[in-house]
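For reference, target14.txt (compact mmCIF, C-alpha atoms):
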```txt
# COMPACT_ATOMS: atom_id res chain seq x y z
CA MET J 7 0.00 0.00 0.00
CA THR J 8 1.23 3.49 -0.83
CA ALA J 9 1.17 6.38 1.61
CA ILE J 10 -2.27 7.99 1.51
CA ARG J 11 -2.07 11.54 0.25
CA ARG J 12 -5.29 11.75 -1.76
CA VAL J 13 -8.57 9.86 -1.31
CA ALA J 14 -11.56 9.62 -3.62
CA ILE J 15 -15.16 9.48 -2.42
CA LEU J 16 -17.95 8.23 -4.67
CA PHE J 17 -21.64 7.54 -4.10
CA ALA J 18 -23.58 4.95 -6.11
CA GLY J 19 -27.13 3.64 -6.27
CA GLY J 20 -30.31 5.28 -5.01
CA PRO J 21 -30.17 8.44 -2.88
CA ALA J 22 -30.64 8.39 0.89
CA PRO J 23 -31.22 11.17 3.44
CA ALA J 24 -28.03 12.20 5.30
CA ALA J 25 -25.82 11.35 2.31
CA ASN J 26 -24.12 14.73 2.71
CA ALA J 27 -23.54 14.09 6.40
CA VAL J 28 -21.49 11.04 5.42
CA ILE J 29 -19.60 12.76 2.60
CA THR J 30 -18.80 15.97 4.49
CA SER J 31 -17.79 14.23 7.72
CA ALA J 32 -15.47 11.87 5.87
CA ALA J 33 -13.95 14.71 3.85
CA PHE J 34 -13.59 16.97 6.89
CA THR J 35 -11.54 14.44 8.86
CA PHE J 36 -9.21 13.74 5.94
CA LEU J 37 -8.73 17.43 5.17
CA ASN J 38 -7.91 18.12 8.81
CA ALA J 39 -5.16 15.51 8.52
CA GLY J 40 -3.69 17.21 5.46
CA ILE J 41 -5.03 14.62 3.00
CA GLU J 42 -6.60 15.80 -0.26
CA VAL J 43 -10.14 14.67 -1.05
CA ILE J 44 -11.58 14.12 -4.54
CA GLY J 45 -15.34 13.93 -5.02
CA VAL J 46 -16.07 11.60 -7.96
CA LYS J 47 -19.23 12.79 -9.66
CA HIS J 48 -22.11 10.38 -10.33
CA GLY J 49 -20.71 7.12 -9.08
CA TYR J 50 -18.76 4.95 -11.52
CA SER J 51 -20.42 6.47 -14.61
CA ASN J 52 -17.38 8.65 -15.43
CA LEU J 53 -14.86 5.92 -14.58
CA ILE J 54 -16.29 2.82 -16.26
CA ASP J 55 -15.37 3.92 -19.82
CA PHE J 56 -12.12 5.73 -18.97
CA ASP J 57 -9.70 6.27 -21.84
CA PRO J 58 -6.19 7.58 -20.98
CA SER J 59 -6.23 9.61 -24.19
CA GLN J 60 -9.20 11.56 -22.81
CA PRO J 61 -8.31 12.48 -19.20
CA LEU J 62 -10.99 13.11 -16.60
CA VAL J 63 -11.89 16.78 -16.41
CA GLU J 64 -12.02 18.60 -13.09
CA GLY J 65 -15.44 20.14 -12.54
CA LYS J 66 -17.08 17.80 -15.03
CA HIS J 67 -16.08 14.35 -13.82
CA TYR J 68 -14.73 15.15 -10.36
CA PHE J 69 -13.90 18.05 -8.09
CA LYS J 70 -11.62 18.77 -5.17
CA ILE J 71 -13.50 18.94 -1.90
CA THR J 72 -12.34 21.81 0.32
CA HIS J 73 -13.31 23.14 3.71
CA GLU J 74 -15.13 25.97 1.92
CA ARG J 75 -17.28 23.49 -0.04
CA LEU J 76 -18.21 21.74 3.19
CA GLU J 77 -19.62 24.80 4.94
CA PHE J 78 -23.32 24.32 5.87
CA SER J 79 -23.38 21.04 3.92
CA ARG J 80 -23.71 18.37 6.60
CA THR J 81 -27.49 18.63 7.00
CA GLU J 82 -28.30 19.57 3.40
CA PRO J 83 -30.62 17.20 1.50
CA GLY J 84 -29.47 15.61 -1.74
CA ILE J 85 -26.02 14.29 -2.70
CA MET J 86 -23.29 16.85 -3.28
CA ILE J 87 -21.30 14.48 -5.54
CA GLY J 88 -24.30 12.97 -7.31
CA THR J 89 -24.97 9.29 -7.91
CA ALA J 90 -25.48 6.70 -10.68
CA ARG J 91 -26.11 2.97 -11.04
CA SER J 92 -23.24 2.20 -13.46
CA ASN J 93 -21.71 -1.14 -12.51
CA PRO J 94 -18.10 -1.91 -13.55
CA GLY J 95 -18.38 -5.37 -11.98
CA LYS J 96 -21.48 -6.39 -13.93
CA SER J 97 -19.74 -9.21 -15.85
CA VAL J 98 -17.85 -10.56 -12.83
CA SER J 99 -19.85 -13.16 -10.90
CA SER J 100 -17.06 -15.42 -9.62
CA PRO J 101 -13.42 -14.94 -8.55
CA ASP J 102 -12.23 -16.62 -11.76
CA HIS J 103 -13.83 -13.85 -13.82
CA LEU J 104 -11.41 -11.35 -12.28
CA ARG J 105 -8.61 -12.90 -14.34
CA ASP J 106 -10.65 -12.75 -17.55
CA PRO J 107 -9.43 -9.61 -19.38
CA GLU J 108 -12.77 -8.99 -21.07
CA ARG J 109 -14.97 -9.48 -17.99
CA SER J 110 -12.72 -7.44 -15.70
CA ALA J 111 -11.99 -4.66 -18.20
CA PRO J 112 -14.52 -2.16 -16.73
CA LEU J 113 -13.01 -2.66 -13.26
CA GLY J 114 -9.58 -2.08 -14.77
CA ARG J 115 -10.73 1.13 -16.44
CA ALA J 116 -12.21 2.40 -13.16
CA TYR J 117 -8.94 1.59 -11.39
CA LYS J 118 -6.88 3.39 -14.04
CA ALA J 119 -9.21 6.39 -13.96
CA LEU J 120 -8.72 6.79 -10.21
CA ARG J 121 -4.97 6.31 -10.49
CA SER J 122 -4.87 8.94 -13.25
CA LEU J 123 -6.07 11.40 -10.61
CA GLY J 124 -3.37 10.33 -8.18
CA VAL J 125 -5.90 8.65 -5.89
CA ASP J 126 -4.33 6.50 -3.16
CA ALA J 127 -7.53 5.11 -1.57
CA LEU J 128 -11.19 4.70 -2.53
CA ILE J 129 -14.17 5.30 -0.26
CA SER J 130 -17.41 4.02 -1.77
CA ILE J 131 -20.83 4.83 -0.37
CA GLY J 132 -23.80 2.76 -1.46
CA GLY J 133 -26.09 -0.19 -1.08
CA ASP J 134 -25.49 -3.91 -1.39
CA ASP J 135 -24.74 -3.68 -5.11
CA THR J 136 -22.14 -0.98 -4.45
CA LEU J 137 -20.68 -3.15 -1.70
CA LYS J 138 -20.33 -5.95 -4.26
CA THR J 139 -18.53 -3.53 -6.58
CA ALA J 140 -16.24 -2.33 -3.77
CA ASN J 141 -15.32 -5.93 -3.04
CA LYS J 142 -14.60 -6.56 -6.73
CA MET J 143 -12.46 -3.41 -6.93
CA LYS J 144 -10.41 -4.77 -4.04
CA LEU J 145 -10.19 -8.30 -5.46
CA TYR J 146 -9.30 -6.96 -8.92
CA GLN J 147 -6.31 -5.16 -7.47
CA ASP J 148 -5.22 -8.39 -5.78
CA THR J 149 -4.77 -9.88 -9.28
CA LEU J 150 -2.45 -7.09 -10.47
CA PRO J 151 1.33 -7.53 -10.76
CA ALA J 152 3.29 -6.72 -7.61
CA SER J 153 4.65 -3.59 -9.28
CA GLU J 154 1.18 -2.00 -9.52
CA VAL J 155 -0.07 0.32 -6.78
CA ARG J 156 -2.88 -1.05 -4.61
CA MET J 157 -5.53 1.42 -3.46
CA PRO J 158 -7.23 0.31 -0.24
CA VAL J 159 -11.03 0.24 -0.57
CA ILE J 160 -13.35 1.20 2.29
CA HIS J 161 -17.12 0.89 1.97
CA LEU J 162 -19.76 2.93 3.80
CA PRO J 163 -23.21 1.24 3.95
CA LYS J 164 -26.19 3.14 2.54
CA THR J 165 -29.79 2.16 1.98
CA ILE J 166 -33.16 3.44 3.10
CA ASP J 167 -34.19 -0.24 2.94
CA ASN J 168 -32.08 -0.96 6.07
CA ASP J 169 -31.39 -4.52 4.87
CA TYR J 170 -27.61 -4.50 5.32
CA SER J 171 -25.78 -7.27 7.12
CA GLY J 172 -23.13 -6.06 9.54
CA ILE J 173 -24.94 -2.97 10.83
CA ASP J 174 -28.15 -2.48 12.83
CA PHE J 175 -29.46 0.65 11.08
CA THR J 176 -28.33 2.39 7.90
CA PHE J 177 -28.31 6.17 7.55
CA GLY J 178 -31.43 7.57 5.91
CA TYR J 179 -33.72 4.76 7.04
CA PHE J 180 -35.44 6.68 9.83
CA SER J 181 -35.71 9.87 7.76
CA ALA J 182 -37.32 7.99 4.86
CA ALA J 183 -39.61 6.07 7.21
CA GLU J 184 -40.76 9.35 8.78
CA VAL J 185 -41.61 10.88 5.38
CA LEU J 186 -43.59 7.81 4.35
CA ALA J 187 -45.27 7.60 7.76
CA GLU J 188 -46.45 11.20 7.40
CA GLU J 189 -47.93 10.38 4.00
CA ILE J 190 -49.69 7.32 5.41
CA ARG J 191 -51.11 9.40 8.27
CA ASN J 192 -52.50 11.87 5.73
CA LEU J 193 -53.91 9.08 3.58
CA ASN J 194 -55.55 7.56 6.65
CA ARG J 195 -57.50 10.78 7.19
CA ASP J 196 -58.50 10.82 3.53
CA ALA J 197 -59.57 7.18 3.75
CA ALA J 198 -61.63 7.82 6.88
CA ALA J 199 -63.41 10.74 5.25
CA GLY J 200 -64.42 8.70 2.21
CA GLN J 201 -64.73 5.28 3.89
CA ALA J 202 -62.14 3.85 1.52
CA TYR J 203 -58.75 2.13 1.57
CA PHE J 204 -55.33 3.02 0.28
CA LEU J 205 -52.97 0.22 -0.69
CA CYS J 206 -49.52 1.78 -0.41
CA GLU J 207 -46.48 0.29 -2.11
CA ALA J 208 -43.31 1.20 -0.19
CA MET J 209 -39.71 0.77 -1.29
CA GLY J 210 -37.88 -2.34 -0.14
CA ARG J 211 -36.75 -4.75 -2.84
CA SER J 212 -35.23 -7.45 -0.66
CA ALA J 213 -36.62 -6.91 2.84
CA GLY J 214 -39.49 -5.19 4.59
CA TRP J 215 -37.78 -2.81 7.02
CA LEU J 216 -39.00 0.40 5.37
CA ALA J 217 -42.53 -0.88 4.78
CA TYR J 218 -42.78 -2.04 8.40
CA GLY J 219 -41.28 1.14 9.85
CA ALA J 220 -43.53 3.42 7.79
CA ALA J 221 -46.62 1.32 8.51
CA ILE J 222 -46.06 1.22 12.27
CA ALA J 223 -45.20 4.93 12.53
CA GLY J 224 -47.98 5.88 10.11
CA ASP J 225 -50.68 3.83 11.90
CA ALA J 226 -51.45 1.60 8.92
CA CYS J 227 -53.87 -1.25 9.51
CA MET J 228 -51.75 -3.94 7.84
CA VAL J 229 -48.22 -4.39 6.48
CA LEU J 230 -46.88 -7.24 4.38
CA SER J 231 -43.43 -7.85 2.97
CA VAL J 232 -41.33 -10.60 1.45
CA GLU J 233 -40.68 -12.05 4.92
CA ASP J 234 -44.40 -12.77 5.22
CA ILE J 235 -44.51 -15.02 2.15
CA THR J 236 -44.48 -18.19 4.19
CA GLY J 237 -46.94 -20.86 5.30
CA PRO J 238 -50.34 -20.50 3.58
CA LEU J 239 -49.18 -17.39 1.65
CA LYS J 240 -46.40 -19.32 -0.09
CA LYS J 241 -46.32 -21.75 -3.01
CA THR J 242 -43.93 -22.72 -5.79
CA GLU J 243 -43.92 -22.82 -9.57
CA THR J 244 -41.64 -24.46 -12.11
CA VAL J 245 -40.28 -22.24 -14.86
CA LYS J 246 -38.09 -22.89 -17.89
CA GLN J 247 -34.79 -21.02 -18.11
CA GLU J 248 -32.99 -19.76 -21.20
CA ASP J 249 -30.81 -22.88 -21.39
CA GLY J 250 -33.88 -25.12 -21.42
CA SER J 251 -33.49 -26.36 -17.86
CA GLU J 252 -36.25 -26.08 -15.27
CA LYS J 253 -36.12 -24.15 -12.01
CA VAL J 254 -38.47 -24.21 -9.05
CA ARG J 255 -39.06 -20.74 -7.60
CA THR J 256 -40.99 -19.52 -4.58
CA VAL J 257 -43.99 -17.33 -5.37
CA MET J 258 -46.81 -15.92 -3.30
CA ASP J 259 -50.27 -17.41 -3.36
CA LEU J 260 -52.05 -14.36 -4.75
CA ASP J 261 -55.50 -15.55 -3.70
CA ALA J 262 -54.33 -16.21 -0.14
CA VAL J 263 -52.64 -12.81 0.15
CA VAL J 264 -55.71 -11.02 -1.21
CA GLN J 265 -58.04 -12.96 1.12
CA LYS J 266 -55.85 -12.01 4.08
CA MET J 267 -56.35 -8.34 3.22
CA VAL J 268 -60.09 -8.79 2.71
CA ALA J 269 -60.41 -10.60 6.06
CA MET J 270 -58.73 -7.62 7.71
CA MET J 271 -61.15 -5.20 6.03
CA ILE J 272 -64.14 -7.23 7.24
CA ALA J 273 -62.74 -7.36 10.78
CA ARG J 274 -62.29 -3.57 10.79
CA GLU J 275 -65.81 -3.15 9.46
CA LYS J 276 -67.17 -5.14 12.41
CA ALA J 277 -65.23 -2.77 14.69
CA GLY J 278 -66.84 0.24 12.98
CA ARG J 279 -63.79 1.18 10.88
CA ASN J 280 -64.67 1.24 7.20
CA TYR J 281 -61.33 2.62 6.07
CA GLY J 282 -57.58 2.12 6.36
CA CYS J 283 -54.13 1.98 4.79
CA ILE J 284 -52.46 -1.27 3.82
CA VAL J 285 -48.70 -1.11 3.24
CA ILE J 286 -46.83 -3.63 1.12
CA ALA J 287 -43.13 -3.75 0.24
CA GLU J 288 -42.34 -3.40 -3.46
CA GLY J 289 -40.17 -6.51 -3.22
CA LEU J 290 -43.33 -8.62 -3.26
CA ALA J 291 -43.20 -8.10 -7.02
CA GLU J 292 -40.26 -10.54 -7.08
CA TYR J 293 -42.68 -13.17 -5.73
CA LEU J 294 -45.29 -12.71 -8.44
CA PRO J 295 -45.87 -15.69 -10.74
CA MET J 296 -43.58 -15.56 -13.78
CA SER J 297 -46.53 -14.74 -16.03
CA TYR J 298 -46.57 -11.28 -14.41
CA LEU J 299 -42.81 -10.76 -14.94
CA ASP J 300 -42.33 -11.77 -18.57
CA GLY J 301 -40.89 -8.89 -20.57
CA VAL J 302 -40.13 -6.70 -17.53
CA ALA J 303 -36.85 -4.80 -18.01
CA ARG J 304 -33.84 -5.34 -15.74
CA ASP J 305 -31.12 -2.92 -14.58
CA ASP J 306 -27.30 -3.21 -14.66
CA HIS J 307 -27.41 -5.35 -11.52
CA GLY J 308 -29.98 -7.82 -12.94
CA HIS J 309 -32.92 -6.56 -10.87
CA ILE J 310 -36.37 -6.33 -12.44
CA ALA J 311 -37.73 -2.80 -12.83
CA ILE J 312 -40.14 -3.07 -9.91
CA SER J 313 -41.51 0.46 -10.33
CA ASN J 314 -42.83 -0.53 -13.77
CA ILE J 315 -44.97 -3.30 -12.28
CA ALA J 316 -46.98 -1.06 -9.92
CA ILE J 317 -47.82 -3.95 -7.63
CA GLY J 318 -49.77 -1.66 -5.28
CA LYS J 319 -52.25 -0.75 -7.98
CA ALA J 320 -52.52 -4.37 -9.11
CA PHE J 321 -53.29 -5.53 -5.59
CA ALA J 322 -55.77 -2.68 -5.08
CA SER J 323 -57.84 -3.93 -8.00
CA MET J 324 -57.71 -7.56 -6.84
CA VAL J 325 -58.63 -6.65 -3.25
CA SER J 326 -61.53 -4.46 -4.36
CA ASP J 327 -62.95 -7.29 -6.49
CA ALA J 328 -62.44 -9.90 -3.75
CA TYR J 329 -64.08 -7.69 -1.12
CA LYS J 330 -67.17 -7.23 -3.29
CA LYS J 331 -67.34 -10.97 -3.94
CA ALA J 332 -67.07 -11.75 -0.20
CA THR J 333 -69.52 -9.12 1.08
CA GLY J 334 -71.68 -8.11 -1.85
CA LYS J 335 -70.69 -4.51 -1.18
CA SER J 336 -68.31 -2.12 -2.92
CA ARG J 337 -65.36 -0.49 -1.17
CA LYS J 338 -62.97 1.78 -3.03
CA VAL J 339 -59.34 0.65 -2.81
CA ASN J 340 -56.76 3.07 -4.22
CA GLY J 341 -53.29 1.81 -5.16
CA ILE J 342 -50.44 4.26 -4.70
CA GLN J 343 -46.64 4.14 -4.93
CA LEU J 344 -44.59 5.76 -2.17
CA GLY J 345 -40.84 6.13 -1.99
CA TYR J 346 -38.99 8.48 -4.32
CA GLU J 347 -40.12 11.52 -2.36
CA SER J 348 -38.39 10.15 0.75
CA ARG J 349 -34.90 9.63 -0.64
CA CYS J 350 -33.64 13.23 -0.62
CA CYS J 351 -35.65 14.66 2.26
CA ILE J 352 -34.15 16.73 5.07
CA PRO J 353 -32.51 14.12 7.34
CA THR J 354 -33.48 13.58 10.94
CA ALA J 355 -30.99 14.39 13.70
CA PHE J 356 -30.44 10.67 14.29
CA ASP J 357 -29.53 10.04 10.66
CA VAL J 358 -27.18 13.04 10.62
CA MET J 359 -25.39 11.68 13.69
CA LEU J 360 -25.29 8.15 12.32
CA GLY J 361 -24.14 9.31 8.88
CA SER J 362 -21.49 11.56 10.40
CA GLN J 363 -20.06 8.72 12.45
CA ILE J 364 -20.02 6.42 9.42
CA GLY J 365 -18.13 9.13 7.51
CA VAL J 366 -15.62 9.55 10.33
CA GLY J 367 -15.26 5.77 10.27
CA ALA J 368 -13.73 5.97 6.79
CA TYR J 369 -10.86 8.06 8.19
CA ARG J 370 -10.53 5.78 11.20
CA ALA J 371 -10.35 2.71 8.96
CA LEU J 372 -7.82 4.05 6.48
CA ILE J 373 -5.53 6.24 8.56
CA GLU J 374 -5.78 5.01 12.15
CA GLU J 375 -6.34 1.29 11.51
CA LYS J 376 -4.64 0.89 8.08
CA LYS J 377 -7.60 -1.21 6.88
CA ASN J 378 -8.43 -2.42 3.37
CA GLY J 379 -11.52 -4.28 2.17
CA VAL J 380 -13.76 -3.44 5.12
CA MET J 381 -17.19 -1.89 5.65
CA VAL J 382 -17.63 0.69 8.39
CA SER J 383 -20.32 -0.21 10.92
CA VAL J 384 -21.79 1.80 13.79
CA GLY J 385 -23.73 0.40 16.75
CA GLY J 386 -24.38 0.76 20.45
CA GLN J 387 -23.41 4.26 21.61
CA PHE J 388 -22.37 5.16 18.06
CA ASN J 389 -19.33 2.91 18.38
CA ILE J 390 -17.37 2.27 15.18
CA SER J 391 -16.37 -1.20 14.04
CA PHE J 392 -15.01 -2.64 10.80
CA VAL J 393 -16.49 -5.65 9.01
CA PRO J 394 -14.29 -7.42 6.41
CA PHE J 395 -15.84 -7.79 2.96
CA GLU J 396 -15.47 -11.57 3.13
CA GLN J 397 -17.95 -11.67 6.02
CA LEU J 398 -20.55 -9.79 3.95
CA VAL J 399 -20.03 -11.18 0.45
CA ASP J 400 -20.23 -14.82 -0.61
CA PRO J 401 -16.68 -15.72 -1.70
CA LYS J 402 -17.90 -18.00 -4.52
CA THR J 403 -20.77 -16.00 -6.03
CA LEU J 404 -19.59 -12.53 -4.92
CA VAL J 405 -23.19 -11.81 -3.88
CA THR J 406 -24.00 -9.91 -0.69
CA LYS J 407 -26.04 -11.32 2.18
CA VAL J 408 -29.38 -9.57 2.76
CA ARG J 409 -30.56 -8.93 6.33
CA PHE J 410 -34.26 -9.77 6.50
CA ILE J 411 -36.69 -9.05 9.32
CA GLU J 412 -36.71 -12.28 11.29
CA THR J 413 -40.23 -13.69 11.24
CA GLY J 414 -41.43 -13.87 14.82
CA CYS J 415 -38.86 -11.39 16.19
CA ASP J 416 -40.16 -8.67 18.49
CA PHE J 417 -40.20 -6.05 15.71
CA HIS J 418 -42.18 -8.36 13.43
CA ARG J 419 -44.55 -9.29 16.27
CA MET J 420 -45.19 -5.62 17.07
CA ALA J 421 -46.75 -5.10 13.63
CA ARG J 422 -48.96 -8.16 14.10
CA LEU J 423 -50.08 -7.05 17.56
CA LEU J 424 -51.07 -3.63 16.21
CA GLU J 425 -53.42 -5.22 13.66
CA LEU J 426 -56.96 -6.27 14.45
CA PRO J 427 -57.29 -10.07 14.71
CA THR J 428 -59.20 -11.73 11.88
CA GLU J 429 -61.04 -14.99 11.53
CA ALA J 430 -59.03 -15.93 8.43
```
Kindly return the structure encoded in the file as structure tokens.
Amino acid sequence: MTAIRRVAILFAGGPAPAANAVITSAAFTFLNAGIEVIGVKHGYSNLIDFDPSQPLVEGKHYFKITHERLEFSRTEPGIMIGTARSNPGKSVSSPDHLRDPERSAPLGRAYKALRSLGVDALISIGGDDTLKTANKMKLYQDTLPASEVRMPVIHLPKTIDNDYSGIDFTFGYFSAAEVLAEEIRNLNRDAAAGQAYFLCEAMGRSAGWLAYGAAIAGDACMVLSVEDITGPLKKTETVKQEDGSEKVRTVMDLDAVVQKMVAMMIAREKAGRNYGCIVIAEGLAEYLPMSYLDGVARDDHGHIAISNIAIGKAFASMVSDAYKKATGKSRKVNGIQLGYESRCCIPTAFDVMLGSQIGVGAYRALIEEKKNGVMVSVGGQFNISFVPFEQLVDPKTLVTKVRFIETGCDFHRMARLLELPTEA
């Protein structure tokens, strides 16, 4: 490892409240130690196609972060260095691929782009896909000749979904949950006035933390996420893959899920409540039968474009029809998507403190602890710890480990206890 004189900070993936608290706190600590800080603009998008004959341009592709730029920035919404979903590790899905010149070429270009700026260490901020990329950037450098400079890679966990292994809560989660909870509270009043229901689709591709947090804080009458697709709500289907082989996948029993919602509506009706808000996590779309997913586009990380499915509106229609069939009465059920409006909101004090400590952790990891290939974690009384990439990423598939809500844990049980019991 070379002496660290200049570090680069980049942010990738979806926005999250308190992003600037992380960026500014990290930059501030390095600057105070006399270390230059480069803000890479819009994730890997300006690095992935780097050509040495066309050098990166200051102001367009990156900028130098100074104390002056940091003034009044810690609590500002948005992301001062921007973001993008470009993925230089897209073609690398096993360690062997790192030695394949074609598959690893985008990682190599990103490495060369950073080295062209004199960068000695990389700090990446992002979700599980960005963690995978950080790990690949580290592993790629391990394959280089001994004469090549190795840049240590430190990752800072970010997601409003709060589904990260290795940390209890991610910055932005509580801020996003509060914004969605406020919307649900407003919708509840609207529903009560018109004796109707809102079926709210909340962000959360892999786990239900945001849906559950927003539903509990927003006083929703029911919340369901991927963790709830078990028992009578779960079934399987066999699908053919591109190579002609067959695969058995878990899907939700649509009729059972819809009947569960209808049973809740009938129970509330008996209690004199002809209205409510049901919250579902968008990740339930991954559990739709394949007939619903054929032709749906995928992003650079292989994920289906969930927002294009509008599962909340689809469920709203099914629930409305099933309610009329069960009761002989009509009840308006409105499907609505929630989420984007929460990602760049003004962060809560908790998220600013958490994000600031995570940012400081980057300095602690690189300069004080001489770490490489670790994620910064914060827990307890905002205590910093460092989790090696190999504990978070499967060494064979290079895929990260999602942290689900444990079915039956106290948090999961709280949501169930706040719902009216049903006969179904």
- Query: Which residue, J:Ala202, J:Leu193, J:Val159, J:Ile87, has the smallest gap to J:Ser336 when you use all atoms listed in the file?
  - Reply: J:Ala202
- Query: If we count only C-alpha atoms, what is near stretch 271-277 of chain J at a cut-off of 8 Å, once residues fewer than 4 positions away on the same chain are taken out, given as a ChimeraX atom specification?
  - Reply: /J:267,281,426-429
Hey, can you spit out that residue selection with C-alpha atoms as a PDB file, keeping the file's coordinate frame?
```
ATOM      1  CA  MET J 267     -56.350  -8.340   3.220  1.00  0.00           C
ATOM      2  CA  TYR J 281     -61.330   2.620   6.070  1.00  0.00           C
ATOM      3  CA  LEU J 426     -56.960  -6.270  14.450  1.00  0.00           C
ATOM      4  CA  PRO J 427     -57.290 -10.070  14.710  1.00  0.00           C
ATOM      5  CA  THR J 428     -59.200 -11.730  11.880  1.00  0.00           C
ATOM      6  CA  GLU J 429     -61.040 -14.990  11.530  1.00  0.00           C
TER       7      GLU J 429
END
```
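From atom CA of J:Phe392 back to atom CA of J:Val380, the distance works out to 5.9 Å.
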Within 8 Å of J:Ala14, counting only C-alpha atoms, which residues show up once you throw out same-chain ones fewer than 5 positions away? Write them as a compact mmCIF listing (two decimals) with C-alpha atoms, keeping the file's coordinate frame, please.
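What ended up in around28.txt:
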```txt
# COMPACT_ATOMS: atom_id res chain seq x y z
CA VAL J 43 -10.14 14.67 -1.05
CA ILE J 44 -11.58 14.12 -4.54
CA GLY J 45 -15.34 13.93 -5.02
CA VAL J 46 -16.07 11.60 -7.96
CA LEU J 120 -8.72 6.79 -10.21
CA VAL J 125 -5.90 8.65 -5.89
CA ASP J 126 -4.33 6.50 -3.16
CA ALA J 127 -7.53 5.11 -1.57
CA LEU J 128 -11.19 4.70 -2.53
CA ILE J 129 -14.17 5.30 -0.26
```
- Task: To one decimal in Å, tell me the separation between atom CA of J:Ala18 and atom CA of J:His161.
- Result: 11.1 Å
